[in-house]
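Asks: Here it is: the structure, laid out below.
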Number of protein chains: 4
Amino acid sequence: MPKVGMEDERRRCLIDATMETIHERGYSEVTVAQIARKAGVSSGLALHYFGSKDQLLASTMHHMLRELGNGLRSRLANAHSPRERISAIIVANFEPHQFRDTVIAAWLAFYVQSRTNQSNRRLLRIYSMRLVSNLTVGLCHFMSREDARRVAEGTASMIDGVWLRQALRDKPGDPETAITLVEEYVSFQIEQARQNKKAAALHEAHATPDGSNTQ
Amino acid sequence: MPKVGMEDERRRCLIDATMETIHERGYSEVTVAQIARKAGVSSGLALHYFGSKDQLLASTMHHMLRELGNGLRSRLANAHSPRERISAIIVANFEPHQFRDTVIAAWLAFYVQSRTNQSNRRLLRIYSMRLVSNLTVGLCHFMSREDARRVAEGTASMIDGVWLRQALRDKPGDPETAITLVEEYVSFQIEQARQNKKAAALHEAHATPDGSNTQ
Amino acid sequence: MPKVGMEDERRRCLIDATMETIHERGYSEVTVAQIARKAGVSSGLALHYFGSKDQLLASTMHHMLRELGNGLRSRLANAHSPRERISAIIVANFEPHQFRDTVIAAWLAFYVQSRTNQSNRRLLRIYSMRLVSNLTVGLCHFMSREDARRVAEGTASMIDGVWLRQALRDKPGDPETAITLVEEYVSFQIEQARQNKKAAALHEAHATPDGSNTQ
Amino acid sequence: MPKVGMEDERRRCLIDATMETIHERGYSEVTVAQIARKAGVSSGLALHYFGSKDQLLASTMHHMLRELGNGLRSRLANAHSPRERISAIIVANFEPHQFRDTVIAAWLAFYVQSRTNQSNRRLLRIYSMRLVSNLTVGLCHFMSREDARRVAEGTASMIDGVWLRQALRDKPGDPETAITLVEEYVSFQIEQARQNKKAAALHEAHATPDGSNTQ
DNA sequence: AATGAATGAGTTTTCATTCAT
DNA sequence: GATGAATGAAAACTCATTCAT
C-alpha cells in the first residue's frame, strides 16, 4: 500500500537501520539484507531508494554530518562571546543524541573507512577543517594564530579521542564528563596564554621602561 | 619453491602485507588473495599458515600490540622518575616505527573492528587498561588518585585522537608535534595540581596559624 | 526470472537433481554446481533454499525416507492378515518408483555415508529399526519372538543386499524377481516354524498320551 | 633413514591407513594428508609410492579383494564335498579378519563407489561373478541350474546385506550369527529342492507305473 | 628416499544487484 | 511502488600434487 510522502520516511528509516547495523555487526559485516530487514522493508526497496549499497552508506554518512552540523549551528547561534563559541563547538560534539553508542559506532566506522574512500574522505575533511577552523577563530582572541591552530588541533584530537575510546566502553557515554575533560584542556591553554601575555608585558615594561617598543 | 625453516619469516611477511593491504584498501575490502599477492605467496599458503582469514587478521593485531608493548617496556626501562615514566608512555605511543601511515591505518581498523569482535575486544581492552593504569600510577605522584585517573583518561584520549586524526592526513605524521601536544596537556595538569596543593597549604596555614599541618 | 510460489517445486526439483547427480557421478564427486545445473537453477539458489550443501544432501535423504515411509504405510493399510502385512513390507521396499537406479544409487550412498554422519545415522537407524520391528511383529504370529527377530533381521539383510547388488548391475532392477527372492526366504522360515510346532505337538502327545496340552 | 625392503611395508601400512581413514571419516572425506599422517609418513611419500590418490584408493581395493580371495581359496582347499564348498564360500565372507568394522566400512565404500568408477567396477564384478558362480556350481548338485543360479544370487544378496547392515551397527559384528543366518537360507533351499525332487519322483511313479520316463 | 612447503585448481559460500510479478 | 526469487561474480577455503632440499 504505497503512500505519498512515504519515501522520505523510508529513507530515514533505512539510514537509521544502517547505523544500527553498523553498530551491531561492524562496518565490514554489514549487508543490504540485514539493513533492509531491520528497516522492515525488502532488500530490493533499499536498493531502489539509494541505488546501491555504497550510496546507502554514503547517504548515511551525509545524514550524520548534516545532523552534527545542524547541532553545531544552533549551538553557535546562542553563543555570544569567543569563549562561549568555543564551548558551543565542544558541546555540539557531545550532544546527547550524537553521543550514543549507535551513532559513535557509525561515526568511527565512516571515519576510518574514509581513509580509503575518496568521496567520503572529502566530505569528512571539509567537516573536520571547519571544526578546527571554527575553534581557531575562537582561540585567536586569546593567543597567537599559531598557538590557536595548535590548541584547536589539540582540542579536536581530544574530542575525537574521547569518541574513539567510548566506542570500546560497555557503559553508555556521559556527555558531561566528556565535555569537562575537553573544556579543561581549552581553559588551561587560554589561562596559560593569558599568563604568558602578562609575563611578556611585565618583561617588556622592565626591559624598556622608557616605552620604546622592541618588537 | 619450498624452503625449509621459512615459516617465521613468511608469517611475519604476511602480517606486514596484511597491514599494508588494510592501509591501501581499507579493512572491509581486504581479501586473502590481495594479502598473499602482496606478500609474494599463494593464497593457499596464507591460509595454511594462519588457518583462516580471521586468524590472520587476529594474528596481525596480536603482532601490533606486542610491538607496541615491547616499545613501551624498553622506554619504561630507561625512565627513572615518575615524570619520566609518564613521558616514556607518551613517547612509546609515537615511536617513529609505530607512527607510520600503514601502522596507523591497521591500528584504527582493529580498534574500531574490535567493537564487534569479542576476542579482539578483550585483547585491546587489556592493552588500553594497562596504558591508563600506567599513566595513573605516574600521575598519582602529583595529584589525588581521582584526578590522576581523570588526567590519565584525558591523556589516553588525546593520544588516540591524534592517531585517529593522523589517519586522515595526507602528510606523514610528525612524532615530535604529537608528543609535544600530549606532553603539554600533562604538564598543565601537573602544574595545576601543584598550584592547587600550594593554595590549599596556604589556606591551611591561615586556618591554623599555629603552624600545625593536619594533612 | 523469479516466480512467486515456486519454492516447493524448486526444492523438489533440486532434490531430484541431487539424486541424479549422485547416481551419475557418485556421492564423493557431487558438487553443488552440478546439482544446480541439472536442476536448471544457479548454484546460489540451491544454497539459498537449503542453506548449505550438507543440508541439501540431508534434505534429499529425508525426502527419500519419507517417500519410502509413505509407500510402506499405504501398502500396510491394504494388508489384512499378519502374512499380508509381512508381504506388504517387502513389496514396499521394491516399489517400482523406489527400485530405480537413481534412487538405489542415492539410497546406498546415504546408507554408507551415514556411518560417519551422526544426524543421518540417527534417521536411518530409526527407519531401519522400524522396518525390523514391523517384520518382527508380523512374524511373531508364526514363531517365537526370538525366532521372529532373527528372521526379521535375515529378511532385512536380504532386502538391503538385493538393493546393494542392484546398484552394480547394468540392467534396471526387476521388482518381481527381487520380491520373489525375499518372499521365498520368509515363506520357508514360516513353513519351518509350522513344522517345528507340529513336531513339538506330536512329541507332546506321545509324552502325555492323555491328550492334555501343556503349551 | 631409508631401508631396503621398507617399500613393501610402507605400502602395506598406507593401505591399512587408507581403510582406517575411510572407516573413521567416510570415503568422501578422506584426504591424502590424513592417510599419510595415520601411516606416519609424509603426504609426499604416499603419493610417491602410489602415484596419486586415486591409485592409492584403487590399490587398497585391490588389496582387499586379494585378501578375500586368498581366504576363500584356502577355505575351499579344505572343503571336500559340494555342501562343504558352499559353506566354505559363506564362511570365507565372514572370516573374523574380514568381518571387522574397518574392513566393512572400506568394503562398502568401494562397493558403492564402484558404481561410478569403471576400473573399480570391473574388478568388483569379476569378484562378484566368481562368488555367484562358485555358489552356483555347488548348488547345482542339489537343484536345477536355474534354481541354483537364483539361490546363489539370494545367498550373495544375503551376505552383502549382512555386511551392509553391520556397517551401521555399534557393536562389532559376530561372524557366528552371520554365518548361521546365511547357512540357514541355503539349507532350506537345498532341503526344499530335495523334497521337490522326491515329490516329483513320487508323482512320476504314480503317473507312469509302467516305468516309462517322461523326462 | 623422504619431507613438507608451496601451489593453484576447484569447491563452497556469500551477497549485491536485477527483475518478473 | 514493493517484493523477494534468482543470478553470478567474487571470496574463503580445501587439498591433490609438485618439487627444492
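Labels used: A, B, ... for chains in the order of the C-alpha cells, numbers from 1 for residues in each chain, and numbers from 1 for ligands as shown.
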Could you find all residues in stretch 1-154 of chain D that DSSP calls alpha helix (DSSP H) from the backbone, and write them as a PyMOL selection string?
Replies: chain D and resi 6-25+32-39+43-50+53-77+82-93+101-113+118-139+145-154
Asks: How about saving the chosen residues, C-alpha atoms kept, as a short mmCIF file (atom, residue, chain, number, x, y, z; two decimals), in the first residue's frame?
Replies:
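Generated output (selection13.cif):
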data_model
loop_
_atom_site.label_atom_id
_atom_site.label_comp_id
_atom_site.auth_asym_id
_atom_site.auth_seq_id
_atom_site.Cartn_x
_atom_site.Cartn_y
_atom_site.Cartn_z
CA MET D 6 60.90 -50.90 3.50
CA GLU D 7 58.83 -50.06 0.50
CA ASP D 8 56.52 -53.04 0.72
CA GLU D 9 55.96 -52.48 4.41
CA ARG D 10 55.26 -48.81 3.79
CA ARG D 11 52.79 -49.62 1.04
CA ARG D 12 51.01 -52.07 3.27
CA CYS D 13 50.97 -49.55 6.06
CA LEU D 14 49.46 -46.90 3.81
CA ILE D 15 46.79 -49.27 2.61
CA ASP D 16 45.81 -50.07 6.17
CA ALA D 17 45.77 -46.37 6.96
CA THR D 18 43.52 -45.81 3.97
CA MET D 19 41.00 -48.35 5.24
CA GLU D 20 41.06 -46.88 8.71
CA THR D 21 40.63 -43.36 7.41
CA ILE D 22 37.65 -44.42 5.32
CA HIS D 23 36.25 -46.07 8.42
CA GLU D 24 36.75 -43.01 10.58
CA ARG D 25 35.81 -40.20 8.23
CA VAL D 32 45.84 -37.92 1.37
CA ALA D 33 47.21 -35.92 4.28
CA GLN D 34 45.04 -37.81 6.78
CA ILE D 35 46.04 -41.18 5.39
CA ALA D 36 49.71 -40.24 5.41
CA ARG D 37 49.51 -38.91 8.96
CA LYS D 38 47.86 -42.09 10.16
CA ALA D 39 50.52 -44.14 8.41
CA SER D 43 51.87 -36.96 2.18
CA GLY D 44 54.59 -36.61 -0.41
CA LEU D 45 55.74 -40.14 0.23
CA ALA D 46 52.24 -41.55 -0.01
CA LEU D 47 51.88 -40.03 -3.43
CA HIS D 48 55.39 -41.11 -4.38
CA TYR D 49 54.57 -44.74 -3.68
CA PHE D 50 51.17 -44.85 -5.31
CA LYS D 53 45.28 -40.51 -4.51
CA ASP D 54 43.11 -42.46 -6.95
CA GLN D 55 45.76 -45.11 -7.36
CA LEU D 56 46.21 -45.40 -3.61
CA LEU D 57 42.48 -45.97 -3.27
CA ALA D 58 42.47 -48.44 -6.15
CA SER D 59 45.39 -50.32 -4.62
CA THR D 60 43.55 -50.51 -1.34
CA MET D 61 40.59 -52.07 -3.05
CA HIS D 62 42.87 -54.48 -4.89
CA HIS D 63 44.41 -55.47 -1.63
CA MET D 64 41.07 -56.15 -0.03
CA LEU D 65 39.89 -58.25 -2.91
CA ARG D 66 43.11 -60.24 -2.84
CA GLU D 67 42.79 -60.88 0.89
CA LEU D 68 39.24 -62.05 0.47
CA GLY D 69 40.25 -64.21 -2.49
CA ASN D 70 43.10 -65.79 -0.53
CA GLY D 71 40.81 -66.59 2.36
CA LEU D 72 38.28 -68.13 0.04
CA ARG D 73 40.90 -70.21 -1.72
CA SER D 74 42.28 -71.64 1.50
CA ARG D 75 38.79 -72.42 2.78
CA LEU D 76 37.92 -74.17 -0.48
CA ALA D 77 41.08 -76.23 -0.29
CA PRO D 82 29.67 -79.77 -2.69
CA ARG D 83 27.90 -78.85 0.53
CA GLU D 84 31.17 -78.12 2.26
CA ARG D 85 32.29 -75.98 -0.64
CA ILE D 86 29.16 -73.86 -0.30
CA SER D 87 29.79 -73.45 3.39
CA ALA D 88 33.42 -72.61 2.72
CA ILE D 89 32.35 -69.75 0.48
CA ILE D 90 29.99 -68.41 3.10
CA VAL D 91 32.46 -68.73 5.93
CA ALA D 92 35.17 -67.05 3.87
CA ASN D 93 32.96 -63.96 3.67
CA ASP D 101 34.31 -52.61 11.21
CA THR D 102 37.28 -51.10 9.44
CA VAL D 103 37.22 -53.64 6.63
CA ILE D 104 33.44 -53.49 6.32
CA ALA D 105 33.49 -49.73 6.06
CA ALA D 106 36.17 -49.73 3.37
CA TRP D 107 34.50 -52.56 1.55
CA LEU D 108 31.14 -50.88 1.31
CA ALA D 109 32.72 -47.60 0.37
CA PHE D 110 34.43 -49.23 -2.58
CA TYR D 111 31.35 -51.20 -3.44
CA VAL D 112 29.17 -48.13 -3.73
CA GLN D 113 31.87 -46.02 -5.24
CA GLN D 118 34.87 -48.09 -14.38
CA SER D 119 38.08 -49.82 -13.38
CA ASN D 120 36.93 -50.50 -9.83
CA ARG D 121 33.63 -51.64 -11.20
CA ARG D 122 35.28 -54.19 -13.43
CA LEU D 123 37.31 -55.59 -10.56
CA LEU D 124 34.36 -55.88 -8.29
CA ARG D 125 32.16 -57.53 -10.87
CA ILE D 126 34.74 -60.14 -11.58
CA TYR D 127 34.88 -60.95 -7.90
CA SER D 128 31.14 -60.87 -7.54
CA MET D 129 30.53 -63.07 -10.53
CA ARG D 130 33.08 -65.56 -9.32
CA LEU D 131 31.36 -65.70 -5.96
CA VAL D 132 27.97 -66.36 -7.52
CA SER D 133 29.46 -68.78 -9.99
CA ASN D 134 31.18 -70.75 -7.24
CA LEU D 135 27.98 -70.91 -5.27
CA THR D 136 26.02 -71.94 -8.34
CA VAL D 137 28.37 -74.79 -9.09
CA GLY D 138 27.98 -76.05 -5.56
CA LEU D 139 24.21 -75.69 -5.56
CA ARG D 145 20.94 -74.97 -12.78
CA GLU D 146 18.21 -72.37 -12.97
CA ASP D 147 17.32 -72.74 -9.31
CA ALA D 148 20.96 -72.87 -8.37
CA ARG D 149 21.57 -69.50 -10.02
CA ARG D 150 18.65 -67.99 -8.22
CA VAL D 151 19.65 -69.39 -4.84
CA ALA D 152 23.25 -68.34 -5.41
CA GLU D 153 22.04 -64.84 -6.08
CA GLY D 154 19.92 -64.94 -2.95
#
Asks: Matching each Cα of chain C to the same-order Cα of chain D and superposing by least squares, what RMSD do you find?
Replies: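 Once chain C is fitted onto chain D, the C-alpha RMSD works out to 0.8 Å.
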Asks: For chain C, report every residue with an atom at most 6 Å from chain D (counting only C-alpha atoms), formatted as a PyMOL selection string.
Replies: chain C and resi 25-26+28+115-116+157-158+160-162+168
Asks: Select from chain E every residue with an atom at most 10 Å from any atom of chain B, then for each give the shortest pair of atoms and their distance in Å to one decimal, using only C-alpha atoms (C1' of nucleotides), rows by chain and rising number, as CSV.
Replies:
residue,atom,partner,partner_atom,distance
E:DT3,C1',B:Val4,CA,9.5
E:DG4,C1',B:Val4,CA,8.2
E:DA5,C1',B:Pro2,CA,4.5
E:DA6,C1',B:Pro2,CA,5.5
E:DT7,C1',B:Ser42,CA,6.6
E:DG8,C1',B:Ser42,CA,8.0
Asks: Please, could you write that set of residues out with N, CA, C and O atoms (P, O5', C5', C4', C3', O3' and C1' of nucleotides) as a short mmCIF file (atom, residue, chain, number, x, y, z; two decimals), in the first residue's frame?
Replies:
data_model
loop_
_atom_site.label_atom_id
_atom_site.label_comp_id
_atom_site.auth_asym_id
_atom_site.auth_seq_id
_atom_site.Cartn_x
_atom_site.Cartn_y
_atom_site.Cartn_z
P DT E 3 59.05 -39.25 5.61
"O5'" DT E 3 59.16 -37.67 5.42
"C5'" DT E 3 60.27 -36.99 6.04
"C4'" DT E 3 60.26 -35.55 5.61
"C3'" DT E 3 58.92 -34.85 5.81
"O3'" DT E 3 59.09 -33.87 6.82
"C1'" DT E 3 59.89 -34.32 3.70
P DG E 4 57.88 -33.51 7.82
"O5'" DG E 4 57.44 -32.14 7.18
"C5'" DG E 4 58.42 -31.15 6.88
"C4'" DG E 4 57.84 -30.20 5.84
"C3'" DG E 4 56.35 -29.90 6.04
"O3'" DG E 4 56.06 -28.60 5.54
"C1'" DG E 4 56.64 -30.78 3.95
P DA E 5 56.11 -27.37 6.49
"O5'" DA E 5 56.57 -26.21 5.51
"C5'" DA E 5 57.92 -26.16 5.06
"C4'" DA E 5 57.98 -25.55 3.67
"C3'" DA E 5 57.04 -24.37 3.44
"O3'" DA E 5 57.70 -23.49 2.55
"C1'" DA E 5 56.45 -26.11 1.96
P DA E 6 57.09 -22.08 2.27
"O5'" DA E 6 56.28 -22.34 0.93
"C5'" DA E 6 57.01 -22.66 -0.25
"C4'" DA E 6 56.04 -22.94 -1.38
"C3'" DA E 6 54.87 -21.96 -1.52
"O3'" DA E 6 55.04 -21.23 -2.72
"C1'" DA E 6 54.18 -24.23 -1.76
P DT E 7 53.91 -20.22 -3.20
"O5'" DT E 7 53.07 -21.15 -4.20
"C5'" DT E 7 53.79 -21.90 -5.17
"C4'" DT E 7 52.85 -22.78 -5.94
"C3'" DT E 7 51.63 -22.05 -6.53
"O3'" DT E 7 51.62 -22.27 -7.92
"C1'" DT E 7 50.97 -24.02 -5.40
P DG E 8 50.98 -21.19 -8.90
"O5'" DG E 8 49.60 -21.89 -9.23
"C5'" DG E 8 49.57 -23.23 -9.69
"C4'" DG E 8 48.14 -23.74 -9.62
"C3'" DG E 8 47.07 -22.70 -9.98
"O3'" DG E 8 45.98 -23.38 -10.56
"C1'" DG E 8 46.69 -23.44 -7.84
#
Asks: Got a sec to pull out which chain F residues are within 12 Å of chain D, counting only C-alpha atoms (C1' of nucleotides), and send them as a count of residues only?
Replies: 6
Asks: Atom CA of C:Gly40 to atom C1' of E:DT13: how many Å, to one decimal?
Replies: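 Result for atom CA of C:Gly40 versus atom C1' of E:DT13: 19.1 Å, one decimal.
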Asks: Do you have the atom CA of B:Arg194-atom CA of A:Ser187 distance handy?
Replies: 16.8 Å
Asks: Atom C1' of F:DG8 to atom C1' of E:DA9: how many Å, to one decimal?
Replies: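 Atom-to-atom, atom C1' of F:DG8 to atom C1' of E:DA9, that is 19.5 Å.
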